[in-house]
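Chemist: Here it is, the structure, as structure tokens.
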Amino acid sequence: MKKILIVEDEKPIARSFELKLVNAGFETKTASNGEEALAMLEKERFDLIFLDLIMPMLNGFKVLEILKARNNETPVVVTSSLGQEIDIEHAKALGAKDYFVKTDVGLASIVAYAKRI
């Protein structure tokens with residue numbers, strides 16, 4: 001069973017991701033901010049990370065910077081409401097494998113993506 005870390009500060013969105021992914025056969029864990037996510041990644045191995053960018057304490061761009069410095073090999077997919085090209089390019093330059101704008105992509109597409117990875 002593939003294990004996915006969902007890093008999302010908005011609880012209803014995190015819960016929706018979690019329910020859809022669990023129903024699709026994935027094991028999930030959630031972190032509500034970047035610091036919590038990094039702490040979890042030090043203790044556990046994940047097959048995929050869905051990462052929001054705008055979060056309290058430590059934003060997603062900083063998480064990507066830290067993961068890049070640690071030579072992270074777990075694929076990170078950004079799921080954000082930021083849809084400007086500069087944000088997408090910045091996230092990918094920091095190591096994001098892909099980028100989904102939450103308002104443009106449904107949960108079914110995210111689950112299908114997770115199954116392909």
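Simple scheme: letters A, B, ... for chains in structure tokens order, numbers from 1 for residues in each chain, numbers from 1 for ligands in the order shown.
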Please provide the set of residues having any atom within 8 Å of A:Leu64, restricted to only C-alpha atoms, with same-chain residues fewer than 6 positions apart removed, written as a PyMOL selection string.

Modeler: chain A and resi 91+94-96

Chemist: With all heavy atoms kept, could you save the residues just selected as an mmCIF file, in the first residue's frame?

Modeler:
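Writing the result to out-v9.cif gives the following:
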```cif
data_model
loop_
_atom_site.group_PDB
_atom_site.id
_atom_site.type_symbol
_atom_site.label_atom_id
_atom_site.label_comp_id
_atom_site.auth_asym_id
_atom_site.auth_seq_id
_atom_site.Cartn_x
_atom_site.Cartn_y
_atom_site.Cartn_z
ATOM 1 N N ALA A 91 8.200 26.742 -7.708
ATOM 2 C CA ALA A 91 8.013 25.454 -7.033
ATOM 3 C C ALA A 91 8.742 24.335 -7.780
ATOM 4 O O ALA A 91 9.411 23.497 -7.158
ATOM 5 C CB ALA A 91 6.528 25.127 -6.907
ATOM 6 N N LEU A 94 12.406 24.369 -7.287
ATOM 7 C CA LEU A 94 12.780 23.860 -5.956
ATOM 8 C C LEU A 94 12.561 22.353 -5.821
ATOM 9 O O LEU A 94 12.755 21.797 -4.745
ATOM 10 C CB LEU A 94 11.994 24.604 -4.872
ATOM 11 C CG LEU A 94 12.355 26.074 -4.690
ATOM 12 C CD1 LEU A 94 11.384 26.749 -3.735
ATOM 13 C CD2 LEU A 94 13.787 26.213 -4.186
ATOM 14 N N GLY A 95 12.133 21.704 -6.901
ATOM 15 C CA GLY A 95 12.037 20.253 -6.870
ATOM 16 C C GLY A 95 10.650 19.653 -6.939
ATOM 17 O O GLY A 95 10.510 18.432 -6.895
ATOM 18 N N ALA A 96 9.609 20.477 -7.029
ATOM 19 C CA ALA A 96 8.260 19.915 -7.143
ATOM 20 C C ALA A 96 8.149 19.132 -8.448
ATOM 21 O O ALA A 96 8.537 19.625 -9.502
ATOM 22 C CB ALA A 96 7.212 21.016 -7.093
#
```

Chemist: Among the residues of stretch 7-50 of chain A, find those DSSP assigns to alpha helix (DSSP H) from the backbone and print them as a ChimeraX atom specification.

Modeler: /A:11-23,34-43

Chemist: Show which residues sit within 8 Å of A:Leu58, as a list in words. Count only C-alpha atoms, and ignore same-chain residues fewer than 4 positions away.

Modeler: Asn33, Gly34, Glu35, Lys62 and Val63 of chain A

Chemist: Just the residues within 6 Å of A:Leu48, please, counting only C-alpha atoms, with nothing from its chain fewer than 5 positions along; format it as a VMD selection string.

Modeler: chain A and resid 4 74 to 75

Chemist: Would you save the residues from that selection as an mmCIF file, in the first residue's frame, using C-alpha atoms?

Modeler:
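And here is the file that came out, result-v2.cif:
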```
data_model
loop_
_atom_site.group_PDB
_atom_site.id
_atom_site.type_symbol
_atom_site.label_atom_id
_atom_site.label_comp_id
_atom_site.auth_asym_id
_atom_site.auth_seq_id
_atom_site.Cartn_x
_atom_site.Cartn_y
_atom_site.Cartn_z
ATOM 1 C CA ILE A 4 0.966 9.610 1.036
ATOM 2 C CA THR A 74 10.053 11.418 -2.467
ATOM 3 C CA PRO A 75 8.006 13.034 -5.258
#
```

Chemist: Taking the DSSP assignment computed from this structure's backbone, write out as a list in words all residues of stretch 56-106 of chain A that belong to strand (DSSP E or B).

Modeler: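 Those in stretch 56-106 of chain A that DSSP calls strand (DSSP E or B) are Val76, Val77, Val78, Thr79, Ser80, Asp98, Tyr99, Phe100 and Val101 of chain A.
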
Chemist: Could you build a table of the residues in stretch 44-97 of chain A lying no more than 10 Å from stretch 12-28 of chain A, giving for each the nearest pair of atoms and their separation in Å rounded to one decimal place, using only C-alpha atoms, ordered by chain and ascending residue number, as a tab-separated table?

Modeler:
```
residue	atom	partner	partner_atom	distance
A:Phe46	CA	A:Thr28	CA	9.0
A:Asp47	CA	A:Glu27	CA	9.9
A:Leu48	CA	A:Thr28	CA	9.7
A:Ile49	CA	A:Thr28	CA	9.7
A:Phe50	CA	A:Phe17	CA	9.3
A:Asp52	CA	A:Ala14	CA	9.8
```

Chemist: Here is a test: counting only C-alpha atoms, which residue of A:Arg45, A:Arg70, A:Lys102, A:Lys97 is nearest to A:Leu82?

Modeler: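 The shortest atom-to-atom distance to A:Leu82 comes from A:Lys102.
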